[in-house]
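What follows is a single structure, written as structure tokens, with notes after it.
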Amino acid sequence: MVSDPFDFIIVGAGSAGCALAARLTEGGEFRVLLLEAGGEATHPWMSTPLGVGRMLADPSVLWAFETEPEPEMNDTRLFWPRGKVLGGSSSINGMLYVRGDPVLYDKWRDTDCPGWGYEDLLPLFKRIEDRKGGDPDWRGVGGPIKVTDVAHKDAITEAFFHGCQSIGIPATHDYNTKTYEGVSYLQLSVENGKRCSAERAYLKPARHRENLEVQTQALVTRVVFERGRAVGVEWRTKDGGLEVSTARKEVILCGGALCSPLILERSGIGDAAVLDAHDIDRTLHLPGVGANLQDHLNVRITYETDRAITLNDALNNPVRGAMMALKYALTRRGLMATSTVTVHALMKSDAGLSSPDLKLQVAHVTGKDRFSMAKGLGIDPWPGFSLNAFQLQPASRGSIHIRSADPADDPVIKAQYLTDPDDQKTVVKSLRLLRDLAKTPEVSGLIKREVLPGPDVTTDDELLAYARATGQTSWHTVGTCKMGSDAMAVVGSDLKVHGVEGLRIADASVVPFIVSANTNAAAYVVAERCADLLVRAWNAPQDITINERRTG
Ligand SMILES: Cc1cc2nc3c(=O)[nH]c(=O)nc-3n(C[C@H](O)[C@H](O)[C@H](O)COP(=O)(O)OP(=O)(O)OC[C@H]3O[C@@H](n4cnc5c(N)ncnc54)[C@H](O)[C@@H]3O)c2cc1C
């Protein structure tokens with residue numbers, strides 16, 4: 001039973017929601033209700049890093065969304081899953097731990113968002129993490145998220161690392177410091193070979209607290225307003241009933257970049273045209289809700305190798321598979337301790353650029369298909385690896401909106417990949433760069449043949465056609481409730497939704513543009529900042545203690 005009243009209601013127990021719930025309840029002064037549409041984080045493959053592929057094929061832990069037919073991707077619908085489980089997407093993601101480019105955080109601050117520059121956020125980044133052996137000026141120790149080095153290095157990893165240097169990309173020791181550019185072995189949110197999700201790191205240690213109530217399989221249908229102030233939420237219980245829970249202080253949406261805009265629209269906040277089309281009573285016309293959607297489009301070149309060390313080999317050959325599993329069981333190392341990516345390069349495709357514009361990485365697996373829930377990846381029957389790339393700052397913008405007033409209906413997602421001509425040029429450039437990398441002595445020695453797109457695909461038009469036919473999401477969506485003060489902004493720099501009282505958003509949706517990185521660390525930092533803002537706003541005596549404890 002849910003026992004009102006609460007001080008705060010948090011909607012969504014994903015990366016940000018778990019972090020926020022843990023921080024708000026640690027001082028003991030606030031009563032918090034955390035509502036999550038998914039269930040407990042008990043999937044048998046969840047804690048094993050290589051289990052990502054299994055979970056992405058299991059609707060019991062997913063919002064298994066798809067885009068609309070993408071106009072510049074041969075009218076294909078692309079699979080766009082998100083975590084629907086405690087921990088949210090941090091319970092099913094690739095675990096790459098990448099804060100992002102300091103330059104982009106400073107740009108964020110400079111778009112009328114004071115307090116969101118890299119220097120402002122650095123104390124928060126430090127308190128998020130437990131990173132042993134890092135530079136103490138930049139890295140934190142003792143935080144909930146364990147950040148460790150990738151526990152698998154092999155000939156492919158080393159070839160990528162040294163091959164990148166051959167094409168002029170410098171080596172970087174720690175990309176989660178001031179120096180972002182360069183090729184580096186990956187840091188993962190993994191502890192002793194196990195996924196370190198928001199559920200495991202933030203929520204589990206907080207769940208016993210008497211001032212925290214967690215409800216799973218609780219689908220929030222709308223925010224409840226009284227005279228322009230959010231006073232609670234309506235939610236569907238696991239047996240289909242409707243509850244209304246009230247918040248004495250504030251409601252905070254942490255539904256993620258895909259779901260927070262949908263909750264706003266179903267609550268009557270959004271573009272008037274969208275609300276009117278679905279006969280939703282209008283609380284507020286806020287045209288930016290669901291707009292400004294952006295993501296990284298991942299493209300790849302696949303190679304057959306004669307080294308039987310790839311995941312293809314482990315999956316196609318039971319003996320090799322058993323050896324991989326045994327190595328993992330005994331040492332917590334090897335391919336099972338990764339999500340198949342081990343090393344990346346953040347690079348400038350043009351020396352005149354002020355910051356990296358492309359990310360290259362290697363995956364120790366290949367397949368004939370784009371990943372989909374029905375088909376998986378269609379693992380190739382030979383030893384293979386792929387070189388992947390995405391543009392860090394795409395210009396194309398999409399949108400996400402409700403399909404109907406029914407919260408059970410999947411949204412209308414328009415990723416709009418490659419709709420900007422500059423993105424088309426960059427994707428071609430990135431495929432050419434991957435081929436340059438493949439030609440280096442380090443990498444070429446591993447290659448038997450290029451399989452996709454194949455050596456006959458050489459012109460810009462052919463490469464672009466290949467990207468349209470095979471590109472897929474990197475799952476890095478942000479910006480759908482963007483922060484700022486312009487007409488399309490949804491929240492201000494204090495995370496409050498413009499035009500109403502008592503409602504904030506704290507998740508990846510508020511990030512105004514991708515910070516040139518994977519997006520989990522950005523979601524955590526938004527939550528940490530939100531916790532500080534709420535504690536300060538509600539003038540709790542724990543303010544000083546918490547902040548001292550966290551930054552100490
Ligand atoms: C497959 C995949 C791989 C990824 N790999 C990486 C990676 O390697 N590194 C990286 O940095 N980032 C990665 N990301 C991105 C990263 O995980 C996300 O950016 C981050 O988790 C976003 O956090 P969030 O709190 O904004 O949203 P989420 O973590 O998605 O949390 C939203 C939560 O809200 C819940 N919710 C939504 N609507 C409702 C509702 N109406 N009622 C109740 N609850 C609701 C959801 O079920 C979910 O639990 C990946 C993402 C995916 C999907």
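Note on naming: chains are A, B, ... as they come in the structure tokens, residues start from 1 per chain, ligands start from 1 in the order shown.
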- Query: How would you write, as a PyMOL selection string, the set of residues no farther than 7 Å from ligand 1 when counting only C-alpha atoms and all ligand atoms?
  - Reply: chain A and resi 11-17+35-38+56+81-90+92-98+218-221+254-257+259-260+263+474-477+507-509+518-521+523
Write the residues you've just listed into a file as a short mmCIF file (atom, residue, chain, number, x, y, z; two decimals), in the first residue's frame, and include N, CA and C atoms for each of them.
```cif
data_model
loop_
_atom_site.label_atom_id
_atom_site.label_comp_id
_atom_site.auth_asym_id
_atom_site.auth_seq_id
_atom_site.Cartn_x
_atom_site.Cartn_y
_atom_site.Cartn_z
N VAL A 11 9.21 10.03 -10.87
CA VAL A 11 8.60 9.16 -11.87
C VAL A 11 9.69 8.54 -12.72
N GLY A 12 9.90 7.24 -12.57
CA GLY A 12 10.91 6.53 -13.35
C GLY A 12 12.15 6.24 -12.52
N ALA A 13 12.46 4.94 -12.37
CA ALA A 13 13.63 4.53 -11.58
C ALA A 13 14.75 4.08 -12.52
N GLY A 14 15.12 4.97 -13.46
CA GLY A 14 16.23 4.67 -14.35
C GLY A 14 17.52 5.22 -13.78
N SER A 15 18.47 5.52 -14.69
CA SER A 15 19.77 6.04 -14.25
C SER A 15 19.54 7.24 -13.33
N ALA A 16 18.80 8.22 -13.82
CA ALA A 16 18.63 9.45 -13.06
C ALA A 16 17.70 9.25 -11.86
N GLY A 17 16.59 8.53 -12.06
CA GLY A 17 15.60 8.38 -10.99
C GLY A 17 16.18 7.67 -9.77
N LEU A 35 8.32 5.76 -8.46
CA LEU A 35 7.40 4.93 -9.25
C LEU A 35 8.08 4.45 -10.52
N GLU A 36 8.07 3.16 -10.76
CA GLU A 36 8.74 2.60 -11.93
C GLU A 36 7.79 1.68 -12.70
N ALA A 37 7.70 1.92 -14.01
CA ALA A 37 6.79 1.13 -14.84
C ALA A 37 7.24 -0.33 -14.97
N GLY A 38 8.55 -0.57 -14.91
CA GLY A 38 9.07 -1.93 -15.05
C GLY A 38 9.14 -2.66 -13.72
N LEU A 56 18.37 -7.22 -24.82
CA LEU A 56 17.76 -6.43 -25.90
C LEU A 56 16.79 -7.26 -26.73
N PRO A 81 15.00 0.40 -28.36
CA PRO A 81 14.63 -0.06 -27.02
C PRO A 81 15.15 0.84 -25.91
N ARG A 82 14.48 0.79 -24.77
CA ARG A 82 14.96 1.43 -23.54
C ARG A 82 14.66 0.49 -22.38
N GLY A 83 15.41 0.64 -21.29
CA GLY A 83 15.19 -0.22 -20.13
C GLY A 83 13.87 0.10 -19.43
N LYS A 84 13.07 -0.94 -19.19
CA LYS A 84 11.82 -0.80 -18.42
C LYS A 84 11.94 -1.76 -17.24
N VAL A 85 12.66 -1.32 -16.25
CA VAL A 85 13.07 -2.19 -15.14
C VAL A 85 13.75 -1.27 -14.13
N LEU A 86 13.87 -1.68 -12.88
CA LEU A 86 14.63 -0.85 -11.95
C LEU A 86 16.05 -0.66 -12.49
N GLY A 87 16.51 0.57 -12.46
CA GLY A 87 17.80 0.89 -13.08
C GLY A 87 17.62 1.43 -14.48
N GLY A 88 16.43 1.23 -15.07
CA GLY A 88 16.13 1.78 -16.40
C GLY A 88 17.16 1.33 -17.42
N SER A 89 17.58 2.24 -18.26
CA SER A 89 18.51 1.87 -19.33
C SER A 89 19.89 1.52 -18.77
N SER A 90 20.22 1.97 -17.57
CA SER A 90 21.52 1.58 -17.01
C SER A 90 21.56 0.09 -16.67
N ILE A 92 20.41 -2.18 -18.79
CA ILE A 92 20.51 -2.95 -20.05
C ILE A 92 21.54 -2.36 -20.99
N ASN A 93 22.26 -1.31 -20.59
CA ASN A 93 23.10 -0.60 -21.56
C ASN A 93 24.48 -1.23 -21.71
N GLY A 94 25.31 -0.58 -22.53
CA GLY A 94 26.63 -1.13 -22.84
C GLY A 94 27.69 -0.83 -21.79
N MET A 95 27.32 -0.04 -20.77
CA MET A 95 28.19 0.24 -19.61
C MET A 95 29.41 1.09 -19.91
N LEU A 96 29.56 1.62 -21.13
CA LEU A 96 30.70 2.49 -21.41
C LEU A 96 30.56 3.73 -20.54
N TYR A 97 31.62 4.08 -19.83
CA TYR A 97 31.53 5.23 -18.94
C TYR A 97 32.30 6.40 -19.57
N VAL A 98 31.55 7.37 -20.09
CA VAL A 98 32.14 8.49 -20.81
C VAL A 98 31.41 9.76 -20.39
N ALA A 218 4.46 0.22 -11.90
CA ALA A 218 3.58 1.37 -11.62
C ALA A 218 3.75 2.35 -12.78
N LEU A 219 2.81 2.31 -13.70
CA LEU A 219 2.90 3.15 -14.90
C LEU A 219 2.24 4.50 -14.63
N VAL A 220 3.03 5.55 -14.62
CA VAL A 220 2.46 6.88 -14.37
C VAL A 220 1.74 7.36 -15.63
N THR A 221 0.48 7.71 -15.46
CA THR A 221 -0.32 8.10 -16.62
C THR A 221 -0.33 9.61 -16.82
N CYS A 254 11.59 11.53 -14.24
CA CYS A 254 12.87 10.90 -14.62
C CYS A 254 12.57 9.75 -15.58
N GLY A 255 11.65 9.98 -16.51
CA GLY A 255 11.23 8.92 -17.42
C GLY A 255 12.19 8.70 -18.58
N GLY A 256 13.22 9.54 -18.70
CA GLY A 256 14.18 9.39 -19.78
C GLY A 256 13.77 10.20 -21.00
N ALA A 257 14.70 10.26 -21.97
CA ALA A 257 14.49 11.13 -23.14
C ALA A 257 13.31 10.67 -23.99
N CYS A 259 10.47 8.86 -22.62
CA CYS A 259 9.18 8.80 -21.91
C CYS A 259 8.79 10.09 -21.20
N SER A 260 9.73 10.91 -20.75
CA SER A 260 9.32 12.14 -20.04
C SER A 260 8.45 13.05 -20.92
N ILE A 263 4.88 11.72 -20.90
CA ILE A 263 4.13 11.96 -19.65
C ILE A 263 3.65 13.41 -19.63
N SER A 474 22.60 4.49 -31.69
CA SER A 474 23.61 4.24 -30.64
C SER A 474 22.95 4.36 -29.27
N TRP A 475 21.64 4.60 -29.25
CA TRP A 475 20.86 4.71 -27.99
C TRP A 475 21.27 5.92 -27.16
N HIS A 476 21.63 7.00 -27.81
CA HIS A 476 22.12 8.17 -27.08
C HIS A 476 21.17 9.36 -27.19
N THR A 477 19.89 9.09 -27.13
CA THR A 477 18.92 10.16 -27.34
C THR A 477 18.91 11.15 -26.18
N ASP A 507 16.58 14.07 -16.16
CA ASP A 507 17.01 12.87 -16.91
C ASP A 507 17.66 13.32 -18.21
N ALA A 508 17.93 12.37 -19.10
CA ALA A 508 18.66 12.70 -20.34
C ALA A 508 17.86 13.64 -21.24
N SER A 509 16.55 13.73 -21.03
CA SER A 509 15.74 14.57 -21.92
C SER A 509 16.09 16.05 -21.81
N ASN A 518 28.59 8.96 -25.11
CA ASN A 518 27.53 8.10 -24.60
C ASN A 518 26.88 8.89 -23.46
N THR A 519 25.65 8.59 -23.12
CA THR A 519 24.88 9.58 -22.36
C THR A 519 24.55 9.20 -20.91
N ASN A 520 25.05 8.07 -20.43
CA ASN A 520 24.65 7.66 -19.09
C ASN A 520 25.23 8.58 -18.01
N ALA A 521 26.51 8.93 -18.14
CA ALA A 521 27.13 9.80 -17.14
C ALA A 521 26.43 11.16 -17.10
N ALA A 523 23.27 11.65 -17.66
CA ALA A 523 22.01 11.47 -16.92
C ALA A 523 22.27 11.48 -15.41
#
```
- Message: Write out as a PyMOL selection string the set of residues from region 129-335 of chain A that DSSP, computed on the backbone, places in helix (DSSP H, G or I).
- Response: chain A and resi 155-166+198-206+256-266+272-277+311-316+318-331+335
- Query: Neighbours of Val490 (chain A) within 10 Å (only C-alpha atoms; same-chain residues fewer than 3 positions away dropped), as a list of chain:residue names?
  - Reply: A:Pro261, A:Ile269, A:Gly270, A:Leu286, A:Pro287, A:Gly288, A:Val289, A:Gly290, A:Ala291, A:Gly479, A:Thr480, A:Cys481, A:Lys482, A:Met483, A:Gly484, A:Ser485, A:Asp486, A:Ala487, A:Leu495, A:Lys496, A:Val497, A:His498, A:Gly499, A:Arg504, A:Ile505, A:Ser509, A:Val510, A:Pro512
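Summary of the local environment: counting only C-alpha atoms, residues at most 9 Å from Leu418 (chain A), other than itself and those fewer than 4 positions away along its chain, are Pro71, Glu72, Met73, Leu297, Pro394, Ala395, Ser396, Asp422, Asp423, Gln424, Val427 and Arg468 of chain A.
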Would you save the residues from that selection as an mmCIF file, in the first residue's frame, using N, CA, C and O atoms?
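This went into out25.cif:
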```
data_model
loop_
_atom_site.group_PDB
_atom_site.id
_atom_site.type_symbol
_atom_site.label_atom_id
_atom_site.label_comp_id
_atom_site.auth_asym_id
_atom_site.auth_seq_id
_atom_site.Cartn_x
_atom_site.Cartn_y
_atom_site.Cartn_z
ATOM 1 N N PRO A 71 12.749 8.572 -43.289
ATOM 2 C CA PRO A 71 12.782 9.007 -44.694
ATOM 3 C C PRO A 71 14.155 8.909 -45.352
ATOM 4 O O PRO A 71 14.244 8.622 -46.534
ATOM 5 N N GLU A 72 15.214 9.141 -44.583
ATOM 6 C CA GLU A 72 16.558 9.095 -45.188
ATOM 7 C C GLU A 72 17.264 7.764 -44.914
ATOM 8 O O GLU A 72 18.468 7.635 -45.125
ATOM 9 N N MET A 73 16.505 6.793 -44.388
ATOM 10 C CA MET A 73 17.089 5.463 -44.116
ATOM 11 C C MET A 73 16.257 4.407 -44.858
ATOM 12 O O MET A 73 15.855 3.390 -44.291
ATOM 13 N N LEU A 297 23.991 8.173 -34.925
ATOM 14 C CA LEU A 297 23.765 7.097 -35.900
ATOM 15 C C LEU A 297 25.063 6.296 -36.046
ATOM 16 O O LEU A 297 26.088 6.834 -36.465
ATOM 17 N N PRO A 394 25.720 15.452 -34.338
ATOM 18 C CA PRO A 394 24.884 15.470 -35.549
ATOM 19 C C PRO A 394 24.005 16.719 -35.591
ATOM 20 O O PRO A 394 23.614 17.246 -34.545
ATOM 21 N N ALA A 395 23.690 17.168 -36.791
ATOM 22 C CA ALA A 395 22.827 18.355 -36.933
ATOM 23 C C ALA A 395 21.359 17.969 -37.133
ATOM 24 O O ALA A 395 20.472 18.788 -36.906
ATOM 25 N N SER A 396 21.087 16.740 -37.545
ATOM 26 C CA SER A 396 19.700 16.319 -37.789
ATOM 27 C C SER A 396 18.926 16.297 -36.473
ATOM 28 O O SER A 396 19.465 15.911 -35.439
ATOM 29 N N ASP A 422 24.808 18.006 -44.022
ATOM 30 C CA ASP A 422 26.145 17.905 -43.423
ATOM 31 C C ASP A 422 26.350 16.538 -42.771
ATOM 32 O O ASP A 422 27.445 15.992 -42.776
ATOM 33 N N ASP A 423 25.300 15.996 -42.184
ATOM 34 C CA ASP A 423 25.408 14.665 -41.568
ATOM 35 C C ASP A 423 25.671 13.601 -42.637
ATOM 36 O O ASP A 423 26.381 12.625 -42.392
ATOM 37 N N GLN A 424 25.099 13.802 -43.820
ATOM 38 C CA GLN A 424 25.336 12.836 -44.907
ATOM 39 C C GLN A 424 26.815 12.859 -45.299
ATOM 40 O O GLN A 424 27.440 11.814 -45.500
ATOM 41 N N VAL A 427 28.924 11.194 -42.523
ATOM 42 C CA VAL A 427 28.848 9.724 -42.412
ATOM 43 C C VAL A 427 29.738 9.076 -43.479
ATOM 44 O O VAL A 427 30.407 8.060 -43.223
ATOM 45 N N ARG A 468 22.689 4.358 -45.204
ATOM 46 C CA ARG A 468 21.217 4.369 -45.101
ATOM 47 C C ARG A 468 20.671 2.961 -44.874
ATOM 48 O O ARG A 468 19.711 2.763 -44.150
#
```
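Residue neighbourhood of region 366-369 of chain A, excluding near-sequence residues (fewer than 5 positions): Thr302, Tyr303, Glu304, Thr310, Leu311, Asn312, Lys375, Gly376, Leu377, Gly378, Ile379, Asp380, Pro381, Trp382, Pro383, Gly384, Phe385, Ser386, Leu452 and Thr470 of chain A, at 9 Å, using only C-alpha atoms.
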Kindly export the residues of the current selection with all heavy atoms, as a short mmCIF file (atom, residue, chain, number, x, y, z; two decimals), in the first residue's frame.
```cif
data_model
loop_
_atom_site.label_atom_id
_atom_site.label_comp_id
_atom_site.auth_asym_id
_atom_site.auth_seq_id
_atom_site.Cartn_x
_atom_site.Cartn_y
_atom_site.Cartn_z
N THR A 302 32.42 -4.28 -41.63
CA THR A 302 32.72 -5.57 -40.99
C THR A 302 33.81 -6.31 -41.77
O THR A 302 33.89 -6.23 -43.00
CB THR A 302 31.48 -6.48 -40.87
OG1 THR A 302 31.04 -6.87 -42.16
CG2 THR A 302 30.36 -5.79 -40.14
N TYR A 303 34.63 -7.00 -40.98
CA TYR A 303 35.78 -7.70 -41.55
C TYR A 303 35.78 -9.14 -41.07
O TYR A 303 35.46 -9.42 -39.91
CB TYR A 303 37.09 -7.05 -41.08
CG TYR A 303 37.21 -5.62 -41.55
CD1 TYR A 303 36.83 -4.56 -40.72
CD2 TYR A 303 37.69 -5.33 -42.84
CE1 TYR A 303 36.92 -3.26 -41.15
CE2 TYR A 303 37.78 -4.02 -43.28
CZ TYR A 303 37.40 -2.98 -42.44
OH TYR A 303 37.48 -1.70 -42.88
N GLU A 304 36.19 -10.01 -41.98
CA GLU A 304 36.50 -11.38 -41.57
C GLU A 304 37.98 -11.41 -41.20
O GLU A 304 38.81 -10.77 -41.86
CB GLU A 304 36.22 -12.38 -42.69
CG GLU A 304 36.48 -13.81 -42.25
CD GLU A 304 36.15 -14.85 -43.31
OE1 GLU A 304 35.55 -14.49 -44.35
OE2 GLU A 304 36.49 -16.02 -43.08
N THR A 310 37.10 -13.88 -31.73
CA THR A 310 35.98 -12.94 -31.65
C THR A 310 34.78 -13.59 -30.97
O THR A 310 34.74 -14.81 -30.75
CB THR A 310 35.58 -12.46 -33.06
OG1 THR A 310 34.97 -13.56 -33.75
CG2 THR A 310 36.78 -11.96 -33.84
N LEU A 311 33.80 -12.75 -30.71
CA LEU A 311 32.58 -13.28 -30.08
C LEU A 311 31.88 -14.24 -31.04
O LEU A 311 31.25 -15.21 -30.60
CB LEU A 311 31.67 -12.12 -29.67
CG LEU A 311 30.43 -12.51 -28.89
CD1 LEU A 311 30.80 -13.20 -27.58
CD2 LEU A 311 29.57 -11.29 -28.60
N ASN A 312 31.99 -13.97 -32.34
CA ASN A 312 31.40 -14.90 -33.32
C ASN A 312 31.88 -16.32 -33.02
O ASN A 312 31.10 -17.28 -33.06
CB ASN A 312 31.84 -14.55 -34.75
CG ASN A 312 31.34 -13.20 -35.20
OD1 ASN A 312 30.84 -12.44 -34.38
ND2 ASN A 312 31.48 -12.89 -36.47
N LYS A 375 15.31 -10.73 -34.65
CA LYS A 375 16.37 -11.47 -35.33
C LYS A 375 17.71 -11.43 -34.61
O LYS A 375 18.65 -12.10 -35.01
CB LYS A 375 16.56 -10.87 -36.73
CG LYS A 375 15.38 -11.13 -37.66
CD LYS A 375 15.74 -10.85 -39.10
CE LYS A 375 15.90 -9.37 -39.37
NZ LYS A 375 16.06 -8.99 -40.75
N GLY A 376 17.84 -10.60 -33.57
CA GLY A 376 19.16 -10.39 -32.97
C GLY A 376 20.06 -9.71 -33.98
O GLY A 376 19.63 -8.83 -34.72
N LEU A 377 21.31 -10.19 -34.07
CA LEU A 377 22.26 -9.57 -34.99
C LEU A 377 22.52 -10.46 -36.20
O LEU A 377 23.14 -10.04 -37.17
CB LEU A 377 23.57 -9.34 -34.21
CG LEU A 377 24.63 -8.41 -34.77
CD1 LEU A 377 24.06 -7.01 -34.97
CD2 LEU A 377 25.82 -8.34 -33.80
N GLY A 378 22.04 -11.71 -36.15
CA GLY A 378 22.34 -12.64 -37.24
C GLY A 378 23.84 -12.89 -37.32
O GLY A 378 24.47 -12.63 -38.34
N ILE A 379 24.40 -13.38 -36.20
CA ILE A 379 25.87 -13.51 -36.07
C ILE A 379 26.47 -14.24 -37.27
O ILE A 379 25.98 -15.30 -37.69
CB ILE A 379 26.20 -14.31 -34.77
CG1 ILE A 379 25.63 -13.61 -33.53
CG2 ILE A 379 27.72 -14.54 -34.64
CD1 ILE A 379 26.33 -12.36 -33.13
N ASP A 380 27.53 -13.69 -37.81
CA ASP A 380 28.19 -14.31 -38.97
C ASP A 380 28.86 -15.62 -38.56
O ASP A 380 29.37 -15.74 -37.43
CB ASP A 380 29.24 -13.35 -39.54
CG ASP A 380 28.57 -12.15 -40.20
OD1 ASP A 380 27.60 -12.35 -40.96
OD2 ASP A 380 29.02 -11.01 -39.96
N PRO A 381 28.94 -16.59 -39.50
CA PRO A 381 29.49 -17.92 -39.13
C PRO A 381 31.01 -17.97 -39.11
O PRO A 381 31.58 -19.00 -38.81
CB PRO A 381 28.93 -18.83 -40.24
CG PRO A 381 28.62 -17.94 -41.38
CD PRO A 381 28.32 -16.59 -40.83
N TRP A 382 31.69 -16.87 -39.44
CA TRP A 382 33.16 -16.85 -39.46
C TRP A 382 33.68 -15.88 -38.41
O TRP A 382 32.92 -15.04 -37.90
CB TRP A 382 33.66 -16.45 -40.85
CG TRP A 382 32.71 -15.58 -41.63
CD1 TRP A 382 31.85 -15.99 -42.61
CD2 TRP A 382 32.50 -14.16 -41.48
NE1 TRP A 382 31.11 -14.91 -43.08
CE2 TRP A 382 31.50 -13.78 -42.40
CE3 TRP A 382 33.05 -13.18 -40.65
CZ2 TRP A 382 31.04 -12.47 -42.53
CZ3 TRP A 382 32.59 -11.88 -40.78
CH2 TRP A 382 31.60 -11.54 -41.71
N PRO A 383 34.99 -15.93 -38.08
CA PRO A 383 35.55 -14.98 -37.11
C PRO A 383 35.47 -13.57 -37.67
O PRO A 383 35.88 -13.35 -38.82
CB PRO A 383 37.02 -15.40 -36.97
CG PRO A 383 37.15 -16.73 -37.62
CD PRO A 383 36.02 -16.88 -38.58
N GLY A 384 34.90 -12.64 -36.93
CA GLY A 384 34.74 -11.29 -37.48
C GLY A 384 34.78 -10.21 -36.42
O GLY A 384 34.52 -10.45 -35.25
N PHE A 385 35.16 -9.02 -36.88
CA PHE A 385 35.05 -7.83 -36.02
C PHE A 385 34.57 -6.67 -36.88
O PHE A 385 34.64 -6.74 -38.12
CB PHE A 385 36.39 -7.51 -35.32
CG PHE A 385 37.50 -7.07 -36.23
CD1 PHE A 385 37.69 -5.73 -36.54
CD2 PHE A 385 38.36 -8.02 -36.78
CE1 PHE A 385 38.73 -5.34 -37.38
CE2 PHE A 385 39.40 -7.63 -37.61
CZ PHE A 385 39.58 -6.28 -37.91
N SER A 386 34.07 -5.66 -36.24
CA SER A 386 33.63 -4.50 -37.02
C SER A 386 34.27 -3.24 -36.48
O SER A 386 34.52 -3.11 -35.27
CB SER A 386 32.10 -4.39 -37.01
OG SER A 386 31.63 -4.17 -35.70
N LEU A 452 31.42 -6.18 -45.32
CA LEU A 452 30.40 -5.14 -45.51
C LEU A 452 31.06 -3.77 -45.38
O LEU A 452 31.81 -3.57 -44.42
CB LEU A 452 29.29 -5.24 -44.46
CG LEU A 452 28.24 -6.33 -44.64
CD1 LEU A 452 27.29 -6.32 -43.43
CD2 LEU A 452 27.46 -6.14 -45.92
N THR A 470 22.22 0.34 -43.51
CA THR A 470 22.71 -0.47 -42.38
C THR A 470 22.87 0.30 -41.06
O THR A 470 23.08 -0.31 -40.02
CB THR A 470 24.08 -1.10 -42.72
OG1 THR A 470 24.99 -0.02 -43.00
CG2 THR A 470 24.00 -2.04 -43.89
#
```
- Task: Give me every strand (DSSP E) residue in region 317-396 of chain A, going by DSSP on the backbone, as a PyMOL selection string.
- Result: chain A and resi 341-347+358-363+384-391
Could you write out the selected residues, including N, CA and C atoms, as a tab-separated table (two decimals), in the first residue's frame?
```tsv
chain	number	residue	atom	x	y	z
A	341	VAL	N	32.65	-4.05	-26.91
A	341	VAL	CA	33.47	-2.91	-27.32
A	341	VAL	C	34.57	-2.73	-26.26
A	342	THR	N	35.80	-2.53	-26.71
A	342	THR	CA	36.90	-2.49	-25.74
A	342	THR	C	37.73	-1.21	-25.79
A	343	VAL	N	37.66	-0.50	-26.91
A	343	VAL	CA	38.56	0.63	-27.09
A	343	VAL	C	37.86	1.63	-28.01
A	344	HIS	N	38.09	2.90	-27.82
A	344	HIS	CA	37.46	3.89	-28.70
A	344	HIS	C	38.44	5.03	-29.01
A	345	ALA	N	38.11	5.76	-30.05
A	345	ALA	CA	38.92	6.94	-30.40
A	345	ALA	C	37.99	8.12	-30.61
A	346	LEU	N	38.27	9.20	-29.92
A	346	LEU	CA	37.52	10.45	-30.09
A	346	LEU	C	38.42	11.34	-30.92
A	347	MET	N	37.99	11.63	-32.13
A	347	MET	CA	38.95	12.25	-33.07
A	347	MET	C	38.36	13.45	-33.81
A	358	LEU	N	34.17	12.98	-34.26
A	358	LEU	CA	33.83	11.59	-34.58
A	358	LEU	C	34.29	10.66	-33.47
A	359	LYS	N	33.52	9.60	-33.29
A	359	LYS	CA	33.99	8.53	-32.39
A	359	LYS	C	34.11	7.25	-33.21
A	360	LEU	N	35.26	6.61	-33.10
A	360	LEU	CA	35.48	5.31	-33.74
A	360	LEU	C	35.60	4.27	-32.64
A	361	GLN	N	35.14	3.08	-32.89
A	361	GLN	CA	35.35	2.01	-31.90
A	361	GLN	C	35.35	0.67	-32.61
A	362	VAL	N	35.80	-0.34	-31.90
A	362	VAL	CA	35.84	-1.67	-32.49
A	362	VAL	C	34.91	-2.58	-31.70
A	363	ALA	N	34.15	-3.40	-32.40
A	363	ALA	CA	33.29	-4.39	-31.73
A	363	ALA	C	33.76	-5.78	-32.15
A	384	GLY	N	34.90	-12.64	-36.93
A	384	GLY	CA	34.74	-11.29	-37.48
A	384	GLY	C	34.78	-10.21	-36.42
A	385	PHE	N	35.16	-9.02	-36.88
A	385	PHE	CA	35.05	-7.83	-36.02
A	385	PHE	C	34.57	-6.67	-36.88
A	386	SER	N	34.07	-5.66	-36.24
A	386	SER	CA	33.63	-4.50	-37.02
A	386	SER	C	34.27	-3.24	-36.48
A	387	LEU	N	34.55	-2.33	-37.40
A	387	LEU	CA	34.98	-0.99	-37.03
A	387	LEU	C	33.74	-0.11	-37.15
A	388	ASN	N	33.45	0.63	-36.10
A	388	ASN	CA	32.22	1.43	-36.04
A	388	ASN	C	32.56	2.91	-35.91
A	389	ALA	N	31.62	3.73	-36.34
A	389	ALA	CA	31.83	5.17	-36.17
A	389	ALA	C	30.51	5.87	-35.94
A	390	PHE	N	30.54	6.95	-35.17
A	390	PHE	CA	29.41	7.87	-35.20
A	390	PHE	C	29.88	9.31	-35.06
A	391	GLN	N	29.03	10.18	-35.63
A	391	GLN	CA	29.30	11.61	-35.62
A	391	GLN	C	28.90	12.13	-34.25
```
- Pick out the residues sitting within 7 Å of Val223 (chain A), and hand them over as number ranges by chain; count only C-alpha atoms, and ignore anything fewer than 3 positions along from it in its own chain. A: 230, 232-234, 267
- Please provide as a PyMOL selection string all residues within 10 Å of Ser404 (chain A), with the sequence filter that same-chain residues fewer than 4 positions apart are discarded (counting only C-alpha atoms). chain A and resi 262+265-266+274-275+277-280+408-412
